[in-house]
$ cat data.pdb   # PDB, C-alpha atoms
ATOM      1  CA  MET A   8     102.424 124.980  19.748
ATOM      2  CA  ASN A   9      99.491 123.913  17.569
ATOM      3  CA  LYS A  10      98.132 125.812  14.574
ATOM      4  CA  ARG A  11      95.101 127.073  16.518
ATOM      5  CA  ASN A  12      97.327 128.752  19.150
ATOM      6  CA  ILE A  13      99.574 130.216  16.474
ATOM      7  CA  PHE A  14      96.505 131.658  14.692
ATOM      8  CA  SER A  15      95.191 133.098  17.973
ATOM      9  CA  ILE A  16      98.477 134.835  18.729
ATOM     10  CA  PHE A  17      98.640 136.205  15.171
ATOM     11  CA  PHE A  18      95.057 137.487  15.434
ATOM     12  CA  VAL A  19      95.791 139.250  18.722
ATOM     13  CA  PHE A  20      98.892 140.819  17.149
ATOM     14  CA  LEU A  21      96.878 142.100  14.182
ATOM     15  CA  LEU A  22      94.175 143.435  16.488
ATOM     16  CA  ALA A  23      96.800 145.304  18.488
ATOM     17  CA  LEU A  24      98.145 146.852  15.304
ATOM     18  CA  VAL A  25      94.673 147.950  14.208
ATOM     19  CA  VAL A  26      93.871 149.458  17.611
ATOM     20  CA  GLY A  27      97.252 151.188  17.682
ATOM     21  CA  CYS A  28      96.742 152.672  14.234
ATOM     22  CA  GLY A  29      93.248 153.740  15.209
ATOM     23  CA  GLY A  30      94.641 155.562  18.226
ATOM     24  CA  GLU A  31      97.126 157.460  16.057
ATOM     25  CA  THR A  32      94.354 158.440  13.644
ATOM     26  CA  ALA A  33      92.266 159.813  16.527
ATOM     27  CA  GLU A  34      95.217 161.920  17.671
ATOM     28  CA  ASP A  35      95.555 163.224  14.119
ATOM     29  CA  GLY A  36      91.931 164.240  13.943
ATOM     30  CA  GLY A  37      89.893 161.043  13.759
ATOM     31  CA  ASP A  38      87.761 162.175  16.690
ATOM     32  CA  TYR A  39      86.889 165.457  14.979
ATOM     33  CA  LYS A  40      84.336 166.431  12.350
ATOM     34  CA  LEU A  41      84.489 169.891  10.790
ATOM     35  CA  ALA A  42      81.526 171.622   9.158
ATOM     36  CA  ALA A  43      82.002 174.841   7.197
ATOM     37  CA  VAL A  44      79.367 177.449   6.422
ATOM     38  CA  PHE A  45      79.999 179.510   3.288
ATOM     39  CA  PRO A  46      78.108 182.677   2.274
ATOM     40  CA  GLY A  47      78.539 181.868  -1.430
ATOM     41  CA  THR A  48      79.334 179.027  -3.778
ATOM     42  CA  ILE A  49      82.637 177.170  -3.562
ATOM     43  CA  THR A  50      83.051 177.461  -7.344
ATOM     44  CA  ASP A  51      83.295 181.269  -7.291
ATOM     45  CA  ALA A  52      87.108 181.199  -7.835
ATOM     46  CA  ASP A  53      87.117 183.723  -5.033
ATOM     47  CA  TYR A  54      86.523 183.934  -1.297
ATOM     48  CA  ASN A  55      84.405 180.825  -0.949
ATOM     49  CA  THR A  56      86.740 178.754  -3.094
ATOM     50  CA  LEU A  57      89.547 179.750  -0.724
ATOM     51  CA  GLY A  58      87.496 178.614   2.267
ATOM     52  CA  ASN A  59      86.772 175.268   0.645
ATOM     53  CA  LEU A  60      90.451 174.754  -0.191
ATOM     54  CA  GLY A  61      91.100 175.456   3.466
ATOM     55  CA  ILE A  62      88.861 172.710   4.799
ATOM     56  CA  GLU A  63      90.155 170.276   2.169
ATOM     57  CA  ALA A  64      93.662 171.006   3.466
ATOM     58  CA  VAL A  65      92.463 170.245   7.005
ATOM     59  CA  ASN A  66      91.125 166.915   5.814
ATOM     60  CA  ALA A  67      94.396 166.070   4.068
ATOM     61  CA  GLU A  68      96.647 167.271   6.889
ATOM     62  CA  HIS A  69      94.763 166.040   9.949
ATOM     63  CA  GLY A  70      92.360 163.382   8.695
ATOM     64  CA  VAL A  71      89.365 165.368   9.958
ATOM     65  CA  GLU A  72      86.007 164.548   8.343
ATOM     66  CA  ILE A  73      84.614 167.628   6.588
ATOM     67  CA  ALA A  74      81.269 168.871   5.306
ATOM     68  CA  PHE A  75      80.009 172.247   4.142
ATOM     69  CA  SER A  76      76.945 174.296   3.256
ATOM     70  CA  GLU A  77      77.025 176.869   0.449
ATOM     71  CA  SER A  78      75.234 180.178  -0.112
ATOM     72  CA  VAL A  79      74.016 180.457   3.467
ATOM     73  CA  ALA A  80      72.330 183.757   4.270
ATOM     74  CA  VAL A  81      72.902 185.467   7.606
ATOM     75  CA  PRO A  82      69.355 184.725   8.902
ATOM     76  CA  ASP A  83      69.934 180.997   8.239
ATOM     77  CA  VAL A  84      73.400 180.517   9.684
ATOM     78  CA  GLU A  85      72.303 179.657  13.235
ATOM     79  CA  ARG A  86      69.949 176.954  11.989
ATOM     80  CA  VAL A  87      72.638 175.466   9.756
ATOM     81  CA  MET A  88      75.179 175.418  12.584
ATOM     82  CA  ARG A  89      72.709 173.764  14.950
ATOM     83  CA  GLU A  90      71.958 171.056  12.386
ATOM     84  CA  TYR A  91      75.650 170.237  12.084
ATOM     85  CA  ILE A  92      76.054 170.142  15.861
ATOM     86  CA  ASP A  93      73.056 167.786  16.107
ATOM     87  CA  ASP A  94      74.800 165.565  13.538
ATOM     88  CA  GLY A  95      77.885 165.277  15.717
ATOM     89  CA  PHE A  96      80.183 167.860  14.146
ATOM     90  CA  ASN A  97      82.460 169.267  16.821
ATOM     91  CA  ILE A  98      84.315 171.939  14.814
ATOM     92  CA  ILE A  99      82.155 174.602  13.172
ATOM     93  CA  PHE A 100      83.821 177.066  10.787
ATOM     94  CA  THR A 101      81.906 180.133   9.595
ATOM     95  CA  HIS A 102      83.617 181.758   6.616
ATOM     96  CA  GLY A 103      82.729 185.414   6.814
ATOM     97  CA  GLY A 104      82.655 188.246   9.333
ATOM     98  CA  GLN A 105      78.896 188.577   8.828
ATOM     99  CA  PHE A 106      78.474 185.326  10.803
ATOM    100  CA  LEU A 107      80.534 186.407  13.820
ATOM    101  CA  SER A 108      77.810 187.247  16.335
ATOM    102  CA  GLN A 109      75.834 184.046  15.710
ATOM    103  CA  THR A 110      79.012 181.984  15.988
ATOM    104  CA  LEU A 111      79.908 183.543  19.341
ATOM    105  CA  ASP A 112      76.360 183.004  20.632
ATOM    106  CA  LEU A 113      76.395 179.291  19.806
ATOM    107  CA  ALA A 114      79.892 178.907  21.227
ATOM    108  CA  ASN A 115      78.546 180.051  24.582
ATOM    109  CA  GLU A 116      75.658 177.603  24.289
ATOM    110  CA  PHE A 117      77.815 174.631  23.219
ATOM    111  CA  PRO A 118      81.071 174.760  25.233
ATOM    112  CA  ASP A 119      82.093 171.253  24.096
ATOM    113  CA  VAL A 120      82.037 172.250  20.420
ATOM    114  CA  ASN A 121      84.962 174.117  18.837
ATOM    115  CA  PHE A 122      84.205 177.126  16.649
ATOM    116  CA  ILE A 123      86.293 178.990  14.091
ATOM    117  CA  ALA A 124      85.010 182.471  13.248
ATOM    118  CA  GLU A 125      86.299 185.405  11.210
ATOM    119  CA  ALA A 126      86.553 189.042  12.205
ATOM    120  CA  ASP A 127      88.309 192.207  11.148
ATOM    121  CA  ALA A 128      89.718 192.925  14.606
ATOM    122  CA  ALA A 129      90.791 190.762  17.516
ATOM    123  CA  ILE A 130      88.039 189.561  19.855
ATOM    124  CA  GLU A 131      89.448 189.718  23.365
ATOM    125  CA  ASP A 132      86.421 188.398  25.267
ATOM    126  CA  ALA A 133      85.533 185.466  22.994
ATOM    127  CA  PRO A 134      84.508 182.164  24.609
ATOM    128  CA  GLY A 135      87.381 179.767  25.247
ATOM    129  CA  ASN A 136      86.172 177.369  22.545
ATOM    130  CA  VAL A 137      86.443 179.933  19.734
ATOM    131  CA  TRP A 138      89.321 180.622  17.385
ATOM    132  CA  VAL A 139      88.978 183.941  15.552
ATOM    133  CA  ILE A 140      90.741 184.445  12.220
ATOM    134  CA  VAL A 141      91.539 188.165  12.267
ATOM    135  CA  ARG A 142      91.671 188.949   8.572
ATOM    136  CA  ASN A 143      93.604 192.272   8.669
ATOM    137  CA  MET A 144      92.661 193.003   5.066
ATOM    138  CA  GLU A 145      93.879 196.564   5.350
ATOM    139  CA  ILE A 146      97.402 195.145   4.887
ATOM    140  CA  GLY A 147      96.682 193.995   1.348
ATOM    141  CA  ALA A 148      94.781 197.204   0.597
ATOM    142  CA  TYR A 149      97.796 199.295   1.584
ATOM    143  CA  GLY A 150      99.947 197.503  -0.997
ATOM    144  CA  ALA A 151      97.248 197.810  -3.647
ATOM    145  CA  GLY A 152      96.845 201.499  -2.877
ATOM    146  CA  ALA A 153     100.564 202.150  -3.229
ATOM    147  CA  VAL A 154     100.655 200.393  -6.606
ATOM    148  CA  ALA A 155      97.526 202.109  -7.911
ATOM    149  CA  ALA A 156      98.725 205.548  -6.818
ATOM    150  CA  GLN A 157     102.024 205.078  -8.669
ATOM    151  CA  MET A 158     100.319 203.823 -11.842
ATOM    152  CA  THR A 159      97.581 206.411 -12.323
ATOM    153  CA  GLN A 160      98.003 208.863 -15.158
ATOM    154  CA  THR A 161      94.974 210.965 -14.249
ATOM    155  CA  GLY A 162      95.725 211.365 -10.550
ATOM    156  CA  LYS A 163      92.474 209.592  -9.569
ATOM    157  CA  ILE A 164      92.083 205.999  -8.454
ATOM    158  CA  GLY A 165      88.896 204.191  -7.497
ATOM    159  CA  TYR A 166      88.054 201.843  -4.643
ATOM    160  CA  ILE A 167      84.941 199.771  -5.301
ATOM    161  CA  THR A 168      83.499 197.419  -2.698
ATOM    162  CA  GLY A 169      80.273 195.842  -1.520
ATOM    163  CA  LEU A 170      78.980 196.950   1.871
ATOM    164  CA  THR A 171      79.765 199.635   4.422
ATOM    165  CA  LEU A 172      81.590 197.464   6.940
ATOM    166  CA  PRO A 173      84.579 197.947   9.277
ATOM    167  CA  LEU A 174      86.514 195.821   6.771
ATOM    168  CA  THR A 175      85.837 198.119   3.820
ATOM    169  CA  TYR A 176      86.400 201.288   5.849
ATOM    170  CA  ALA A 177      89.765 199.900   6.988
ATOM    171  CA  GLU A 178      90.741 199.078   3.402
ATOM    172  CA  TYR A 179      89.822 202.556   2.182
ATOM    173  CA  HIS A 180      91.799 204.269   4.949
ATOM    174  CA  ALA A 181      94.794 201.992   4.279
ATOM    175  CA  ILE A 182      94.760 203.077   0.620
ATOM    176  CA  GLU A 183      94.730 206.700   1.734
ATOM    177  CA  GLN A 184      97.598 205.978   4.153
ATOM    178  CA  ALA A 185      99.685 204.492   1.341
ATOM    179  CA  ILE A 186      99.119 207.573  -0.818
ATOM    180  CA  SER A 187     100.146 209.795   2.088
ATOM    181  CA  ASP A 188     103.182 207.675   3.001
ATOM    182  CA  PHE A 189     104.456 207.887  -0.576
ATOM    183  CA  ASP A 190     103.696 211.629  -0.636
ATOM    184  CA  LEU A 191     101.709 211.355  -3.839
ATOM    185  CA  SER A 192      99.137 213.844  -5.093
ATOM    186  CA  VAL A 193      96.444 211.278  -5.866
ATOM    187  CA  GLU A 194      92.731 211.273  -5.088
ATOM    188  CA  VAL A 195      90.957 208.036  -4.160
ATOM    189  CA  VAL A 196      87.238 207.826  -4.964
ATOM    190  CA  PRO A 197      85.304 205.165  -2.972
ATOM    191  CA  VAL A 198      82.014 203.602  -4.067
ATOM    192  CA  TRP A 199      79.877 200.943  -2.405
ATOM    193  CA  VAL A 200      77.852 198.618  -4.644
ATOM    194  CA  GLY A 201      75.581 197.332  -1.862
ATOM    195  CA  ASP A 202      76.457 193.751  -2.780
ATOM    196  CA  PHE A 203      79.760 191.905  -3.169
ATOM    197  CA  ASN A 204      78.390 189.524  -5.805
ATOM    198  CA  ASP A 205      76.444 191.625  -8.308
ATOM    199  CA  PRO A 206      78.484 192.121 -11.514
ATOM    200  CA  SER A 207      75.789 194.281 -13.138
ATOM    201  CA  LYS A 208      75.718 196.868 -10.357
ATOM    202  CA  ALA A 209      79.504 196.754 -10.114
ATOM    203  CA  ARG A 210      79.736 197.420 -13.855
ATOM    204  CA  GLU A 211      77.477 200.479 -13.536
ATOM    205  CA  LEU A 212      79.519 201.976 -10.716
ATOM    206  CA  ALA A 213      82.823 201.151 -12.414
ATOM    207  CA  ASP A 214      81.537 202.948 -15.513
ATOM    208  CA  THR A 215      80.751 205.944 -13.285
ATOM    209  CA  LEU A 216      84.261 205.911 -11.823
ATOM    210  CA  ILE A 217      85.827 205.776 -15.285
ATOM    211  CA  ALA A 218      83.607 208.637 -16.469
ATOM    212  CA  ASP A 219      84.905 210.590 -13.461
ATOM    213  CA  ASP A 220      88.470 210.257 -14.815
ATOM    214  CA  VAL A 221      89.510 207.306 -12.660
ATOM    215  CA  ASP A 222      92.023 205.148 -14.533
ATOM    216  CA  VAL A 223      93.031 202.577 -11.857
ATOM    217  CA  ILE A 224      90.355 200.701  -9.905
ATOM    218  CA  ILE A 225      90.947 198.618  -6.777
ATOM    219  CA  SER A 226      88.142 196.060  -6.509
ATOM    220  CA  SER A 227      87.277 194.664  -3.090
ATOM    221  CA  LEU A 228      84.433 192.541  -4.420
ATOM    222  CA  ASN A 229      83.729 188.862  -4.984
ATOM    223  CA  LEU A 230      81.816 187.998  -8.183
ATOM    224  CA  GLY A 231      81.192 191.712  -8.624
ATOM    225  CA  THR A 232      84.780 192.089  -9.815
ATOM    226  CA  LEU A 233      83.692 190.564 -13.128
ATOM    227  CA  GLY A 234      81.609 193.687 -13.730
ATOM    228  CA  VAL A 235      84.621 195.877 -13.006
ATOM    229  CA  PHE A 236      86.658 193.973 -15.577
ATOM    230  CA  GLU A 237      83.859 194.391 -18.142
ATOM    231  CA  ALA A 238      83.853 198.153 -17.611
ATOM    232  CA  ALA A 239      87.635 198.344 -17.972
ATOM    233  CA  GLU A 240      87.719 196.176 -21.111
ATOM    234  CA  ALA A 241      85.022 198.293 -22.736
ATOM    235  CA  ILE A 242      87.308 201.336 -22.584
ATOM    236  CA  GLY A 243      90.662 199.723 -23.307
ATOM    237  CA  PRO A 244      94.016 198.893 -21.736
ATOM    238  CA  GLU A 245      94.421 202.394 -20.310
ATOM    239  CA  ILE A 246      92.041 201.372 -17.479
ATOM    240  CA  LYS A 247      93.809 199.205 -14.922
ATOM    241  CA  VAL A 248      92.265 196.894 -12.293
ATOM    242  CA  ILE A 249      93.682 195.485  -9.053
ATOM    243  CA  ALA A 250      91.577 192.597  -7.765
ATOM    244  CA  LYS A 251      91.334 190.586  -4.555
ATOM    245  CA  TYR A 252      91.545 187.080  -3.096
ATOM    246  CA  THR A 253      92.828 185.107  -6.114
ATOM    247  CA  ASP A 254      94.718 185.506  -9.382
ATOM    248  CA  LYS A 255      92.129 186.919 -11.802
ATOM    249  CA  SER A 256      94.442 187.716 -14.702
ATOM    250  CA  GLU A 257      92.465 185.502 -17.100
ATOM    251  CA  PHE A 258      89.398 187.742 -16.964
ATOM    252  CA  ALA A 259      90.919 190.898 -18.443
ATOM    253  CA  PRO A 260      94.541 190.258 -19.451
ATOM    254  CA  ASP A 261      95.096 193.742 -20.870
ATOM    255  CA  ASN A 262      93.679 195.534 -17.806
ATOM    256  CA  TYR A 263      94.765 193.307 -14.938
ATOM    257  CA  VAL A 264      97.604 194.482 -12.696
ATOM    258  CA  SER A 265      97.658 192.355  -9.556
ATOM    259  CA  SER A 266      95.565 190.876  -6.772
ATOM    260  CA  MET A 267      95.539 191.127  -3.006
ATOM    261  CA  LEU A 268      95.975 187.417  -2.317
ATOM    262  CA  TYR A 269      94.559 185.548   0.670
ATOM    263  CA  ASP A 270      95.052 181.971   1.831
ATOM    264  CA  PHE A 271      93.007 179.981   4.359
ATOM    265  CA  GLU A 272      94.724 176.608   3.987
ATOM    266  CA  GLY A 273      97.587 177.431   6.325
ATOM    267  CA  PRO A 274      95.483 179.241   8.941
ATOM    268  CA  LEU A 275      92.824 176.509   9.103
ATOM    269  CA  THR A 276      95.322 173.645   9.308
ATOM    270  CA  ASP A 277      97.191 175.548  12.029
ATOM    271  CA  ILE A 278      94.023 176.212  14.029
ATOM    272  CA  VAL A 279      92.635 172.693  13.738
ATOM    273  CA  GLY A 280      96.043 171.403  14.787
ATOM    274  CA  GLU A 281      95.746 173.562  17.898
ATOM    275  CA  ILE A 282      92.257 172.217  18.577
ATOM    276  CA  ILE A 283      93.434 168.622  18.226
ATOM    277  CA  GLY A 284      96.305 169.462  20.566
ATOM    278  CA  GLY A 285      93.854 170.651  23.205
ATOM    279  CA  ASN A 286      94.256 174.404  22.740
ATOM    280  CA  GLY A 287      90.735 175.740  22.761
ATOM    281  CA  GLY A 288      90.753 179.240  21.343
ATOM    282  CA  GLY A 289      92.370 182.580  20.614
ATOM    283  CA  ASN A 290      92.966 185.156  17.911
ATOM    284  CA  TYR A 291      94.810 184.045  14.766
ATOM    285  CA  HIS A 292      96.059 187.052  12.819
ATOM    286  CA  LEU A 293      96.453 186.952   9.062
ATOM    287  CA  GLY A 294      99.690 188.496   7.878
ATOM    288  CA  PHE A 295     102.391 187.922   5.292
ATOM    289  CA  ASP A 296     103.493 184.737   7.059
ATOM    290  CA  THR A 297      99.939 183.511   7.638
ATOM    291  CA  GLY A 298      97.892 184.051   4.502
ATOM    292  CA  ILE A 299      98.291 187.527   2.972
ATOM    293  CA  ASP A 300     100.317 188.456  -0.110
ATOM    294  CA  LEU A 301     100.402 190.811  -3.075
ATOM    295  CA  GLN A 302     100.688 189.109  -6.448
ATOM    296  CA  LEU A 303     103.986 189.931  -8.122
ATOM    297  CA  PRO A 304     105.290 190.633 -10.672
ATOM    298  CA  LEU A 305     102.695 193.187 -11.652
ATOM    299  CA  THR A 306     101.285 192.910 -15.158
ATOM    300  CA  ASN A 307     100.626 195.856 -17.460
ATOM    301  CA  ALA A 308     102.907 197.955 -15.267
ATOM    302  CA  SER A 309     106.258 199.635 -15.927
ATOM    303  CA  ASP A 310     109.543 198.228 -14.699
ATOM    304  CA  GLU A 311     109.807 201.204 -12.365
ATOM    305  CA  VAL A 312     106.467 200.503 -10.692
ATOM    306  CA  ASN A 313     107.284 196.794 -10.509
ATOM    307  CA  SER A 314     110.564 197.522  -8.757
ATOM    308  CA  ALA A 315     108.852 199.873  -6.330
ATOM    309  CA  ALA A 316     106.194 197.232  -5.575
ATOM    310  CA  GLU A 317     108.848 194.584  -4.932
ATOM    311  CA  ALA A 318     110.710 196.911  -2.564
ATOM    312  CA  LEU A 319     107.518 197.834  -0.735
ATOM    313  CA  LEU A 320     106.483 194.217  -0.301
ATOM    314  CA  GLU A 321     109.919 193.376   1.047
ATOM    315  CA  ASP A 322     109.653 196.237   3.538
ATOM    316  CA  MET A 323     106.162 195.198   4.611
ATOM    317  CA  LYS A 324     107.201 191.586   5.112
ATOM    318  CA  ALA A 325     110.179 192.767   7.170
ATOM    319  CA  GLY A 326     107.833 194.712   9.440
ATOM    320  CA  ASN A 327     109.118 198.119   8.370
ATOM    321  CA  VAL A 328     105.670 199.422   7.426
ATOM    322  CA  GLU A 329     102.914 199.843   9.997
ATOM    323  CA  VAL A 330      99.482 199.754   8.384
ATOM    324  CA  ILE A 331      96.958 201.480  10.626
ATOM    325  CA  LYS A 332      93.647 199.692  11.175
ATOM    326  CA  ASP A 333      91.236 202.614  10.876
ATOM    327  CA  THR A 334      87.562 201.605  10.716
ATOM    328  CA  THR A 335      86.176 205.142  10.883
ATOM    329  CA  PRO A 336      83.043 205.285   8.678
ATOM    330  CA  ILE A 337      83.203 207.266   5.441
ATOM    331  CA  GLU A 338      80.683 210.071   5.238
TER     332      GLU A 338
END

$ encode --input "data.pdb" --output "structure tokens"
Amino acid sequence: MNKRNIFSIFFVFLLALVVGCGGETAEDGGDYKLAAVFPGTITDADYNTLGNLGIEAVNAEHGVEIAFSESVAVPDVERVMREYIDDGFNIIFTHGGQFLSQTLDLANEFPDVNFIAEADAAIEDAPGNVWVIVRNMEIGAYGAGAVAAQMTQTGKIGYITGLTLPLTYAEYHAIEQAISDFDLSVEVVPVWVGDFNDPSKARELADTLIADDVDVIISSLNLGTLGVFEAAEAIGPEIKVIAKYTDKSEFAPDNYVSSMLYDFEGPLTDIVGEIIGGNGGGNYHLGFDTGIDLQLPLTNASDEVNSAAEALLEDMKAGNVEVIKDTTPIE
């Protein structure tokens, strides 16, 4: 066999290897492009950061190309999604329940595109090309409520959040359920800032709560939580704060107790894996095994409260506590 024939055979062998590897990459996500739409900035160390970590995990796990748009307002989300679809993105992820209706509408219009939406309850009639992350945030709120109710010295705890939504109603009712389940004589005072990302307004309302004898505040805010920490620090370590989404202990070390933690890396890699595997849609529930946790050990809390929190979390993870999803509006 001459050198030319040997080279030809070697070239064909290499080509086969390249094509084979390319086929494996496609199966792992090479045929997919994911675009995420975030309501805020990915550097917020909060909800949007979690969403960005989620799509980065999808890229690392499945080799899916990713892109994102930040600080997208609700009136602009449809336009942004359409632009990504025009650019060939075939997985669209909208990070926020406020984008749900627009996401469902475009899913009906583009049946060959996969969509990942978020909601606070299961969507039973969603199009077959939609995965819905059911956030179930009342689960974390129940744990936070139990901790806050056992820590208060004044008998009054506060719940501060952004907008009057099914999500925030469900969290408030879950806090009340925890107080009732533990048979504690504690009052919970809810306030709505009107914005999840306004520290100044959050500070004003937190000051009002503290003036009303509230000594433990549960914050269901994004950047607004910084205002809650400012209000607590201004009074002193006797005011305690339970935050949300990420570990925020660095912001007010003497006031910080815990955080209702949420993860989107696991859920998004799971869902995109299902899409790659040909499974078009469904409801994906967040729970203790799929993205929800309560940060332990508690800080600035007694050993007794820490032990009670550990026992409660163990019970909740074992399925021994049923948190009711009650979205009844607060008058």

$ residues_around --input "data.pdb" --residues "Gly294 in chain A" --least-positions-apart "6" --cutoff "9 Å" --atoms "only C-alpha atoms" --output "PyMOL selection string"
chain A and resi 142-144+146+300+324

$ write_last_selection --input "data.pdb" --atoms "C-alpha atoms" --output "compact mmCIF listing (two decimals), keeping the file's coordinate frame"
# COMPACT_ATOMS: atom_id res chain seq x y z
CA ARG A 142 91.67 188.95 8.57
CA ASN A 143 93.60 192.27 8.67
CA MET A 144 92.66 193.00 5.07
CA ILE A 146 97.40 195.14 4.89
CA ASP A 300 100.32 188.46 -0.11
CA LYS A 324 107.20 191.59 5.11

$ residues_around --input "data.pdb" --residues "Ser192 in chain A" --least-positions-apart "3" --cutoff "9 Å" --atoms "all atoms listed in the file" --output "list in words"
Ala156, Gly162, Ile186 and Ser187 of chain A

$ resolve_selection --input "data.pdb" --expression "the PyMOL selection byres ((chain A and resi 80-90) around 12)" --output "mmCIF file with C-alpha atoms, in the coordinates of the input"
data_model
loop_
_atom_site.group_PDB
_atom_site.id
_atom_site.type_symbol
_atom_site.label_atom_id
_atom_site.label_comp_id
_atom_site.auth_asym_id
_atom_site.auth_seq_id
_atom_site.Cartn_x
_atom_site.Cartn_y
_atom_site.Cartn_z
ATOM 1 C CA LEU A 41 84.489 169.891 10.790
ATOM 2 C CA ALA A 42 81.526 171.622 9.158
ATOM 3 C CA ALA A 43 82.002 174.841 7.197
ATOM 4 C CA VAL A 44 79.367 177.449 6.422
ATOM 5 C CA PHE A 45 79.999 179.510 3.288
ATOM 6 C CA PRO A 46 78.108 182.677 2.274
ATOM 7 C CA GLY A 47 78.539 181.868 -1.430
ATOM 8 C CA THR A 48 79.334 179.027 -3.778
ATOM 9 C CA ALA A 74 81.269 168.871 5.306
ATOM 10 C CA PHE A 75 80.009 172.247 4.142
ATOM 11 C CA SER A 76 76.945 174.296 3.256
ATOM 12 C CA GLU A 77 77.025 176.869 0.449
ATOM 13 C CA SER A 78 75.234 180.178 -0.112
ATOM 14 C CA VAL A 79 74.016 180.457 3.467
ATOM 15 C CA TYR A 91 75.650 170.237 12.084
ATOM 16 C CA ILE A 92 76.054 170.142 15.861
ATOM 17 C CA ASP A 93 73.056 167.786 16.107
ATOM 18 C CA ASP A 94 74.800 165.565 13.538
ATOM 19 C CA GLY A 95 77.885 165.277 15.717
ATOM 20 C CA PHE A 96 80.183 167.860 14.146
ATOM 21 C CA ASN A 97 82.460 169.267 16.821
ATOM 22 C CA ILE A 98 84.315 171.939 14.814
ATOM 23 C CA ILE A 99 82.155 174.602 13.172
ATOM 24 C CA PHE A 100 83.821 177.066 10.787
ATOM 25 C CA THR A 101 81.906 180.133 9.595
ATOM 26 C CA HIS A 102 83.617 181.758 6.616
ATOM 27 C CA GLY A 103 82.729 185.414 6.814
ATOM 28 C CA GLY A 104 82.655 188.246 9.333
ATOM 29 C CA GLN A 105 78.896 188.577 8.828
ATOM 30 C CA PHE A 106 78.474 185.326 10.803
ATOM 31 C CA LEU A 107 80.534 186.407 13.820
ATOM 32 C CA SER A 108 77.810 187.247 16.335
ATOM 33 C CA GLN A 109 75.834 184.046 15.710
ATOM 34 C CA THR A 110 79.012 181.984 15.988
ATOM 35 C CA LEU A 111 79.908 183.543 19.341
ATOM 36 C CA ASP A 112 76.360 183.004 20.632
ATOM 37 C CA LEU A 113 76.395 179.291 19.806
ATOM 38 C CA ALA A 114 79.892 178.907 21.227
ATOM 39 C CA GLU A 116 75.658 177.603 24.289
ATOM 40 C CA PHE A 117 77.815 174.631 23.219
ATOM 41 C CA VAL A 120 82.037 172.250 20.420
ATOM 42 C CA ASN A 121 84.962 174.117 18.837
ATOM 43 C CA PHE A 122 84.205 177.126 16.649
ATOM 44 C CA ILE A 123 86.293 178.990 14.091
#

$ resolve_selection --input "data.pdb" --expression "the PyMOL selection byres ((chain A and resi 234) around 8)" --output "mmCIF file with C-alpha atoms, keeping the file's coordinate frame"
data_model
loop_
_atom_site.group_PDB
_atom_site.id
_atom_site.type_symbol
_atom_site.label_atom_id
_atom_site.label_comp_id
_atom_site.auth_asym_id
_atom_site.auth_seq_id
_atom_site.Cartn_x
_atom_site.Cartn_y
_atom_site.Cartn_z
ATOM 1 C CA ASP A 205 76.444 191.625 -8.308
ATOM 2 C CA PRO A 206 78.484 192.121 -11.514
ATOM 3 C CA SER A 207 75.789 194.281 -13.138
ATOM 4 C CA LYS A 208 75.718 196.868 -10.357
ATOM 5 C CA ALA A 209 79.504 196.754 -10.114
ATOM 6 C CA ARG A 210 79.736 197.420 -13.855
ATOM 7 C CA GLU A 211 77.477 200.479 -13.536
ATOM 8 C CA ALA A 213 82.823 201.151 -12.414
ATOM 9 C CA LEU A 230 81.816 187.998 -8.183
ATOM 10 C CA GLY A 231 81.192 191.712 -8.624
ATOM 11 C CA THR A 232 84.780 192.089 -9.815
ATOM 12 C CA LEU A 233 83.692 190.564 -13.128
ATOM 13 C CA VAL A 235 84.621 195.877 -13.006
ATOM 14 C CA PHE A 236 86.658 193.973 -15.577
ATOM 15 C CA GLU A 237 83.859 194.391 -18.142
ATOM 16 C CA ALA A 238 83.853 198.153 -17.611
#

$ resolve_selection --input "data.pdb" --expression "the PyMOL selection byres ((chain A and resi 260) around 12)" --output "JSON list (two decimals) with C-alpha atoms, keeping the file's coordinate frame"
[["chain", "number", "residue", "atom", "x", "y", "z"],
["A", 236, "PHE", "CA", 86.66, 193.97, -15.58],
["A", 237, "GLU", "CA", 83.86, 194.39, -18.14],
["A", 239, "ALA", "CA", 87.64, 198.34, -17.97],
["A", 240, "GLU", "CA", 87.72, 196.18, -21.11],
["A", 243, "GLY", "CA", 90.66, 199.72, -23.31],
["A", 244, "PRO", "CA", 94.02, 198.89, -21.74],
["A", 246, "ILE", "CA", 92.04, 201.37, -17.48],
["A", 247, "LYS", "CA", 93.81, 199.20, -14.92],
["A", 248, "VAL", "CA", 92.26, 196.89, -12.29],
["A", 249, "ILE", "CA", 93.68, 195.48, -9.05],
["A", 254, "ASP", "CA", 94.72, 185.51, -9.38],
["A", 255, "LYS", "CA", 92.13, 186.92, -11.80],
["A", 256, "SER", "CA", 94.44, 187.72, -14.70],
["A", 257, "GLU", "CA", 92.46, 185.50, -17.10],
["A", 258, "PHE", "CA", 89.40, 187.74, -16.96],
["A", 259, "ALA", "CA", 90.92, 190.90, -18.44],
["A", 261, "ASP", "CA", 95.10, 193.74, -20.87],
["A", 262, "ASN", "CA", 93.68, 195.53, -17.81],
["A", 263, "TYR", "CA", 94.76, 193.31, -14.94],
["A", 264, "VAL", "CA", 97.60, 194.48, -12.70],
["A", 265, "SER", "CA", 97.66, 192.36, -9.56],
["A", 305, "LEU", "CA", 102.70, 193.19, -11.65],
["A", 306, "THR", "CA", 101.28, 192.91, -15.16],
["A", 307, "ASN", "CA", 100.63, 195.86, -17.46]]
